[in-house]
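A.B. asks: Mind having a look at this structure? Questions to follow.
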Amino acid sequence: MFTLVTEKSRFFRIKRGQSGEEVEKFFLTPVGGAAFAGRIIEVKRNLSVHIAAVGDTYRTIAAATGCGEAALRELNGAKPVYPTCKIFYPRKNN
């Protein structure tokens with residue numbers, strides 16, 4: 001048995017009854033993959049969300065947000081883009 005010692009605010013353990021969508025909405029961070037009780041996810045900071053519209057692709061979202069297409073795919077786990085899906089991208093620091 002071991003104990004993970006790290007910043008508490010950087011990681012989150014999904015609790016029983018929580019869905020991936022709930023966690024994404026609360027932390028504004030992608031869950032990527034199945035959300036199940038006990039899974040630990042990294043909470044990424046400084047992310048914004050883009051709600052996809054009809055005809056959006058990673059390429060069009062990358063152009064609109066100023067982020068690279070490959071970076072968007074990696075950050076979102078290469079999930080398919082469809083209308084109303086949430087695509088996370090790094091927030092620009094002004």
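Quick note on naming: the chains in the structure tokens go A, B, ... in the order shown, residues restart at 1 in each chain, and ligands are numbered from 1 in order of appearance.
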Please run DSSP on the backbone and report, as an mmCIF file with all heavy atoms, in the first residue's frame, all residues within chain A that come out as alpha helix (DSSP H).

C.D. replies:
```cif
data_model
loop_
_atom_site.group_PDB
_atom_site.id
_atom_site.type_symbol
_atom_site.label_atom_id
_atom_site.label_comp_id
_atom_site.auth_asym_id
_atom_site.auth_seq_id
_atom_site.Cartn_x
_atom_site.Cartn_y
_atom_site.Cartn_z
ATOM 1 N N GLY A 20 -18.943 11.575 -16.099
ATOM 2 C CA GLY A 20 -17.863 12.327 -16.709
ATOM 3 C C GLY A 20 -18.309 13.714 -17.099
ATOM 4 O O GLY A 20 -17.555 14.686 -16.974
ATOM 5 N N GLU A 21 -19.544 13.845 -17.547
ATOM 6 C CA GLU A 21 -20.080 15.145 -17.941
ATOM 7 C C GLU A 21 -20.161 16.094 -16.742
ATOM 8 O O GLU A 21 -19.843 17.275 -16.849
ATOM 9 C CB GLU A 21 -21.460 14.973 -18.569
ATOM 10 C CG GLU A 21 -22.018 16.246 -19.157
ATOM 11 C CD GLU A 21 -23.309 16.005 -19.904
ATOM 12 O OE1 GLU A 21 -23.273 15.303 -20.925
ATOM 13 O OE2 GLU A 21 -24.343 16.519 -19.441
ATOM 14 N N GLU A 22 -20.569 15.569 -15.585
ATOM 15 C CA GLU A 22 -20.636 16.394 -14.374
ATOM 16 C C GLU A 22 -19.251 16.889 -13.967
ATOM 17 O O GLU A 22 -19.086 18.053 -13.605
ATOM 18 C CB GLU A 22 -21.246 15.607 -13.210
ATOM 19 C CG GLU A 22 -22.704 15.311 -13.350
ATOM 20 C CD GLU A 22 -23.203 14.376 -12.258
ATOM 21 O OE1 GLU A 22 -22.416 13.551 -11.747
ATOM 22 O OE2 GLU A 22 -24.391 14.477 -11.937
ATOM 23 N N VAL A 23 -18.274 16.005 -14.033
ATOM 24 C CA VAL A 23 -16.911 16.371 -13.653
ATOM 25 C C VAL A 23 -16.354 17.406 -14.630
ATOM 26 O O VAL A 23 -15.733 18.389 -14.222
ATOM 27 C CB VAL A 23 -16.006 15.120 -13.587
ATOM 28 C CG1 VAL A 23 -14.563 15.499 -13.334
ATOM 29 C CG2 VAL A 23 -16.497 14.162 -12.510
ATOM 30 N N GLU A 24 -16.585 17.200 -15.933
ATOM 31 C CA GLU A 24 -16.123 18.166 -16.937
ATOM 32 C C GLU A 24 -16.760 19.535 -16.713
ATOM 33 O O GLU A 24 -16.086 20.553 -16.816
ATOM 34 C CB GLU A 24 -16.449 17.676 -18.350
ATOM 35 C CG GLU A 24 -15.554 16.591 -18.842
ATOM 36 C CD GLU A 24 -15.852 16.153 -20.261
ATOM 37 O OE1 GLU A 24 -16.917 16.535 -20.815
ATOM 38 O OE2 GLU A 24 -15.022 15.424 -20.816
ATOM 39 N N LYS A 25 -18.027 19.561 -16.407
ATOM 40 C CA LYS A 25 -18.729 20.827 -16.209
ATOM 41 C C LYS A 25 -18.214 21.554 -14.967
ATOM 42 O O LYS A 25 -18.016 22.764 -14.991
ATOM 43 C CB LYS A 25 -20.234 20.565 -16.078
ATOM 44 C CG LYS A 25 -21.065 21.813 -15.968
ATOM 45 C CD LYS A 25 -22.541 21.469 -15.919
ATOM 46 C CE LYS A 25 -23.399 22.712 -15.822
ATOM 47 N NZ LYS A 25 -24.819 22.375 -15.741
ATOM 48 N N PHE A 26 -17.968 20.829 -13.888
ATOM 49 C CA PHE A 26 -17.536 21.448 -12.633
ATOM 50 C C PHE A 26 -16.103 21.974 -12.714
ATOM 51 O O PHE A 26 -15.814 23.089 -12.312
ATOM 52 C CB PHE A 26 -17.671 20.457 -11.480
ATOM 53 C CG PHE A 26 -17.345 21.055 -10.144
ATOM 54 C CD1 PHE A 26 -18.266 21.853 -9.490
ATOM 55 C CD2 PHE A 26 -16.118 20.837 -9.548
ATOM 56 C CE1 PHE A 26 -17.980 22.424 -8.265
ATOM 57 C CE2 PHE A 26 -15.808 21.404 -8.323
ATOM 58 C CZ PHE A 26 -16.743 22.196 -7.678
ATOM 59 N N PHE A 27 -15.181 21.151 -13.234
ATOM 60 C CA PHE A 27 -13.770 21.521 -13.251
ATOM 61 C C PHE A 27 -13.317 22.187 -14.546
ATOM 62 O O PHE A 27 -12.197 22.659 -14.641
ATOM 63 C CB PHE A 27 -12.881 20.288 -13.016
ATOM 64 C CG PHE A 27 -12.929 19.780 -11.611
ATOM 65 C CD1 PHE A 27 -13.545 18.587 -11.313
ATOM 66 C CD2 PHE A 27 -12.349 20.498 -10.579
ATOM 67 C CE1 PHE A 27 -13.587 18.105 -10.012
ATOM 68 C CE2 PHE A 27 -12.377 20.035 -9.278
ATOM 69 C CZ PHE A 27 -13.000 18.835 -8.995
ATOM 70 N N TYR A 58 -11.978 19.711 -35.732
ATOM 71 C CA TYR A 58 -10.826 20.147 -34.944
ATOM 72 C C TYR A 58 -10.081 21.265 -35.677
ATOM 73 O O TYR A 58 -9.578 22.185 -35.052
ATOM 74 C CB TYR A 58 -9.885 18.984 -34.648
ATOM 75 C CG TYR A 58 -10.339 18.137 -33.483
ATOM 76 C CD1 TYR A 58 -10.779 16.837 -33.666
ATOM 77 C CD2 TYR A 58 -10.326 18.638 -32.189
ATOM 78 C CE1 TYR A 58 -11.185 16.062 -32.594
ATOM 79 C CE2 TYR A 58 -10.734 17.882 -31.113
ATOM 80 C CZ TYR A 58 -11.158 16.587 -31.318
ATOM 81 O OH TYR A 58 -11.568 15.836 -30.248
ATOM 82 N N ARG A 59 -10.031 21.183 -36.987
ATOM 83 C CA ARG A 59 -9.326 22.208 -37.767
ATOM 84 C C ARG A 59 -10.004 23.575 -37.638
ATOM 85 O O ARG A 59 -9.337 24.582 -37.410
ATOM 86 C CB ARG A 59 -9.248 21.792 -39.231
ATOM 87 C CG ARG A 59 -8.540 22.849 -40.092
ATOM 88 C CD ARG A 59 -8.261 22.344 -41.468
ATOM 89 N NE ARG A 59 -7.168 21.379 -41.339
ATOM 90 C CZ ARG A 59 -6.935 20.389 -42.193
ATOM 91 N NH1 ARG A 59 -7.681 20.234 -43.243
ATOM 92 N NH2 ARG A 59 -5.932 19.564 -42.003
ATOM 93 N N THR A 60 -11.337 23.630 -37.761
ATOM 94 C CA THR A 60 -12.029 24.917 -37.680
ATOM 95 C C THR A 60 -11.987 25.485 -36.261
ATOM 96 O O THR A 60 -11.852 26.691 -36.078
ATOM 97 C CB THR A 60 -13.493 24.812 -38.147
ATOM 98 O OG1 THR A 60 -14.197 23.879 -37.315
ATOM 99 C CG2 THR A 60 -13.582 24.379 -39.597
ATOM 100 N N ILE A 61 -12.075 24.606 -35.269
ATOM 101 C CA ILE A 61 -12.001 25.060 -33.878
ATOM 102 C C ILE A 61 -10.594 25.563 -33.564
ATOM 103 O O ILE A 61 -10.422 26.573 -32.887
ATOM 104 C CB ILE A 61 -12.432 23.945 -32.912
ATOM 105 C CG1 ILE A 61 -13.903 23.588 -33.148
ATOM 106 C CG2 ILE A 61 -12.209 24.361 -31.461
ATOM 107 C CD1 ILE A 61 -14.369 22.331 -32.450
ATOM 108 N N ALA A 62 -9.575 24.881 -34.086
ATOM 109 C CA ALA A 62 -8.193 25.324 -33.885
ATOM 110 C C ALA A 62 -7.979 26.704 -34.486
ATOM 111 O O ALA A 62 -7.337 27.568 -33.871
ATOM 112 C CB ALA A 62 -7.226 24.318 -34.496
ATOM 113 N N ALA A 63 -8.521 26.941 -35.660
ATOM 114 C CA ALA A 63 -8.379 28.249 -36.295
ATOM 115 C C ALA A 63 -9.103 29.327 -35.493
ATOM 116 O O ALA A 63 -8.603 30.446 -35.350
ATOM 117 C CB ALA A 63 -8.925 28.198 -37.720
ATOM 118 N N ALA A 64 -10.257 29.003 -34.939
ATOM 119 C CA ALA A 64 -11.038 29.983 -34.184
ATOM 120 C C ALA A 64 -10.427 30.301 -32.819
ATOM 121 O O ALA A 64 -10.565 31.415 -32.327
ATOM 122 C CB ALA A 64 -12.467 29.478 -33.996
ATOM 123 N N THR A 65 -9.756 29.326 -32.227
ATOM 124 C CA THR A 65 -9.225 29.517 -30.878
ATOM 125 C C THR A 65 -7.746 29.866 -30.861
ATOM 126 O O THR A 65 -7.221 30.240 -29.815
ATOM 127 C CB THR A 65 -9.436 28.252 -30.027
ATOM 128 O OG1 THR A 65 -8.749 27.151 -30.629
ATOM 129 C CG2 THR A 65 -10.916 27.944 -29.867
ATOM 130 N N GLU A 69 -4.166 22.180 -34.036
ATOM 131 C CA GLU A 69 -5.131 21.082 -34.204
ATOM 132 C C GLU A 69 -4.696 19.833 -33.439
ATOM 133 O O GLU A 69 -5.498 19.187 -32.770
ATOM 134 C CB GLU A 69 -5.285 20.767 -35.695
ATOM 135 C CG GLU A 69 -6.304 19.700 -35.983
ATOM 136 C CD GLU A 69 -6.464 19.416 -37.466
ATOM 137 O OE1 GLU A 69 -5.907 20.155 -38.300
ATOM 138 O OE2 GLU A 69 -7.159 18.433 -37.778
ATOM 139 N N ALA A 70 -3.418 19.494 -33.523
ATOM 140 C CA ALA A 70 -2.899 18.306 -32.819
ATOM 141 C C ALA A 70 -3.041 18.464 -31.306
ATOM 142 O O ALA A 70 -3.401 17.507 -30.600
ATOM 143 C CB ALA A 70 -1.449 18.055 -33.197
ATOM 144 N N ALA A 71 -2.790 19.668 -30.804
ATOM 145 C CA ALA A 71 -2.918 19.923 -29.363
ATOM 146 C C ALA A 71 -4.366 19.769 -28.912
ATOM 147 O O ALA A 71 -4.633 19.225 -27.833
ATOM 148 C CB ALA A 71 -2.405 21.307 -29.022
ATOM 149 N N LEU A 72 -5.314 20.238 -29.733
ATOM 150 C CA LEU A 72 -6.733 20.086 -29.403
ATOM 151 C C LEU A 72 -7.129 18.612 -29.355
ATOM 152 O O LEU A 72 -7.826 18.183 -28.445
ATOM 153 C CB LEU A 72 -7.610 20.793 -30.436
ATOM 154 C CG LEU A 72 -7.818 22.283 -30.288
ATOM 155 C CD1 LEU A 72 -8.709 22.796 -31.411
ATOM 156 C CD2 LEU A 72 -8.407 22.635 -28.953
ATOM 157 N N ARG A 73 -6.688 17.862 -30.343
ATOM 158 C CA ARG A 73 -7.014 16.428 -30.379
ATOM 159 C C ARG A 73 -6.470 15.718 -29.142
ATOM 160 O O ARG A 73 -7.159 14.916 -28.517
ATOM 161 C CB ARG A 73 -6.435 15.771 -31.627
ATOM 162 C CG ARG A 73 -7.204 16.049 -32.872
ATOM 163 C CD ARG A 73 -6.622 15.254 -34.042
ATOM 164 N NE ARG A 73 -7.222 15.649 -35.283
ATOM 165 C CZ ARG A 73 -8.388 15.179 -35.728
ATOM 166 N NH1 ARG A 73 -9.049 14.311 -35.022
ATOM 167 N NH2 ARG A 73 -8.869 15.601 -36.874
ATOM 168 N N GLU A 74 -5.230 16.013 -28.778
ATOM 169 C CA GLU A 74 -4.603 15.365 -27.623
ATOM 170 C C GLU A 74 -5.318 15.753 -26.326
ATOM 171 O O GLU A 74 -5.606 14.904 -25.488
ATOM 172 C CB GLU A 74 -3.134 15.753 -27.538
ATOM 173 C CG GLU A 74 -2.408 15.073 -26.402
ATOM 174 C CD GLU A 74 -0.950 15.460 -26.343
ATOM 175 O OE1 GLU A 74 -0.376 15.843 -27.376
ATOM 176 O OE2 GLU A 74 -0.394 15.389 -25.233
ATOM 177 N N LEU A 75 -5.611 17.027 -26.169
ATOM 178 C CA LEU A 75 -6.260 17.516 -24.958
ATOM 179 C C LEU A 75 -7.642 16.912 -24.769
ATOM 180 O O LEU A 75 -8.056 16.606 -23.657
ATOM 181 C CB LEU A 75 -6.369 19.043 -25.004
ATOM 182 C CG LEU A 75 -6.977 19.732 -23.789
ATOM 183 C CD1 LEU A 75 -6.132 19.479 -22.547
ATOM 184 C CD2 LEU A 75 -7.093 21.211 -24.045
#
```

A.B. asks: Can you pull out the residues contacting Gly55 of chain A? Cut-off 8 Å, using only C-alpha atoms, and skip same-chain residues under 2 positions away; I want them as a list in words.

C.D. replies: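 The residues satisfying every condition are Ala53, Thr57, Tyr82 and Pro83 of chain A.
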
A.B. asks: In Å to one decimal, how far is atom CA of Ile41 of chain A from atom CA of Ser9 of chain A?

C.D. replies: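 Here the two named atoms are 10.9 Å from each other.
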
A.B. asks: From a backbone DSSP assignment, name each residue in chain A labelled strand (DSSP E), as a PyMOL selection string.

C.D. replies: chain A and resi 11-13+40-42+47-51+86-90

A.B. asks: Please indicate the distance in Å from atom CA of Gly66 of chain A to atom CA of Phe88 of chain A, rounded to one decimal place.

C.D. replies: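 So the answer is 12.4 Å.
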
A.B. asks: Could you check how far atom CA of Asp56 of chain A sits from atom CA of Glu42 of chain A, in Å to one decimal?

C.D. replies: 26.8 Å

A.B. asks: Given only C-alpha atoms as the basis, pick out the residue of A:Ile40, A:Ala34, A:Cys67, A:Ala78 nearest to Pro90 of chain A.

C.D. replies: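 Ranking A:Ile40, A:Ala34, A:Cys67, A:Ala78 by distance to Pro90 of chain A, first place goes to A:Cys67.
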
A.B. asks: Could you check which of A:Ala37, A:Cys85, A:Val43, A:Ile51 is closest to Lys15 of chain A, using only C-alpha atoms?

C.D. replies: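 Among A:Ala37, A:Cys85, A:Val43, A:Ile51, it is A:Ala37 that comes nearest to Lys15 of chain A.
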
A.B. asks: Write out as JSON, numbers by chain the residues lying within 9 Å of Leu47 of chain A, counting only C-alpha atoms and excluding same-chain residues fewer than 3 positions away.

C.D. replies: {"A": [28, 29, 44, 88, 89, 90, 91, 92]}

A.B. asks: Can you spit out the residues from that selection as a tab-separated table (two decimals), in the first residue's frame, using all heavy atoms?

C.D. replies:
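Writing the result to out.tsv gives the following:
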```tsv
chain	number	residue	atom	x	y	z
A	28	LEU	N	-14.17	22.20	-15.57
A	28	LEU	CA	-13.79	22.69	-16.90
A	28	LEU	C	-12.51	22.02	-17.36
A	28	LEU	O	-11.54	22.66	-17.78
A	28	LEU	CB	-13.63	24.21	-16.90
A	28	LEU	CG	-14.90	25.01	-17.08
A	28	LEU	CD1	-14.60	26.49	-17.10
A	28	LEU	CD2	-15.67	24.61	-18.31
A	29	THR	N	-12.50	20.70	-17.28
A	29	THR	CA	-11.36	19.91	-17.72
A	29	THR	C	-11.88	18.62	-18.35
A	29	THR	O	-12.88	18.07	-17.89
A	29	THR	CB	-10.41	19.60	-16.55
A	29	THR	OG1	-9.19	19.08	-17.04
A	29	THR	CG2	-10.99	18.64	-15.56
A	44	LYS	N	-6.85	19.98	-15.19
A	44	LYS	CA	-6.04	20.94	-15.93
A	44	LYS	C	-6.61	22.33	-15.74
A	44	LYS	O	-7.80	22.54	-15.82
A	44	LYS	CB	-6.00	20.56	-17.41
A	44	LYS	CG	-5.36	19.21	-17.65
A	44	LYS	CD	-5.44	18.83	-19.12
A	44	LYS	CE	-4.70	17.56	-19.40
A	44	LYS	NZ	-5.43	16.37	-19.05
A	88	PHE	N	-12.40	21.36	-25.30
A	88	PHE	CA	-11.58	22.19	-24.42
A	88	PHE	C	-10.35	22.68	-25.17
A	88	PHE	O	-9.78	21.95	-25.98
A	88	PHE	CB	-11.16	21.39	-23.19
A	88	PHE	CG	-12.34	21.01	-22.33
A	88	PHE	CD1	-12.98	19.80	-22.49
A	88	PHE	CD2	-12.81	21.88	-21.36
A	88	PHE	CE1	-14.07	19.45	-21.70
A	88	PHE	CE2	-13.90	21.54	-20.57
A	88	PHE	CZ	-14.52	20.33	-20.75
A	89	TYR	N	-9.94	23.90	-24.86
A	89	TYR	CA	-8.73	24.47	-25.46
A	89	TYR	C	-8.05	25.36	-24.43
A	89	TYR	O	-8.69	25.88	-23.52
A	89	TYR	CB	-9.07	25.25	-26.74
A	89	TYR	CG	-9.93	26.47	-26.54
A	89	TYR	CD1	-9.36	27.73	-26.37
A	89	TYR	CD2	-11.31	26.37	-26.52
A	89	TYR	CE1	-10.16	28.85	-26.18
A	89	TYR	CE2	-12.11	27.48	-26.33
A	89	TYR	CZ	-11.52	28.71	-26.16
A	89	TYR	OH	-12.31	29.82	-25.97
A	90	PRO	N	-6.72	25.53	-24.55
A	90	PRO	CA	-5.99	26.36	-23.59
A	90	PRO	C	-6.42	27.82	-23.69
A	90	PRO	O	-6.52	28.37	-24.78
A	90	PRO	CB	-4.53	26.22	-24.00
A	90	PRO	CG	-4.48	25.04	-24.90
A	90	PRO	CD	-5.83	24.88	-25.50
A	91	ARG	N	-6.68	28.42	-22.53
A	91	ARG	CA	-7.07	29.83	-22.47
A	91	ARG	C	-5.84	30.68	-22.68
A	91	ARG	O	-4.77	30.39	-22.16
A	91	ARG	CB	-7.67	30.11	-21.11
A	91	ARG	CG	-8.23	31.50	-20.95
A	91	ARG	CD	-8.82	31.73	-19.59
A	91	ARG	NE	-9.68	30.62	-19.17
A	91	ARG	CZ	-9.78	30.23	-17.90
A	91	ARG	NH1	-9.11	30.81	-16.96
A	91	ARG	NH2	-10.57	29.22	-17.60
A	92	LYS	N	-6.01	31.74	-23.45
A	92	LYS	CA	-4.89	32.67	-23.70
A	92	LYS	C	-4.76	33.60	-22.51
A	92	LYS	O	-5.76	34.13	-22.02
A	92	LYS	CB	-5.13	33.49	-24.96
A	92	LYS	CG	-5.09	32.67	-26.22
A	92	LYS	CD	-5.32	33.56	-27.42
A	92	LYS	CE	-5.33	32.73	-28.68
A	92	LYS	NZ	-5.61	33.54	-29.86
```
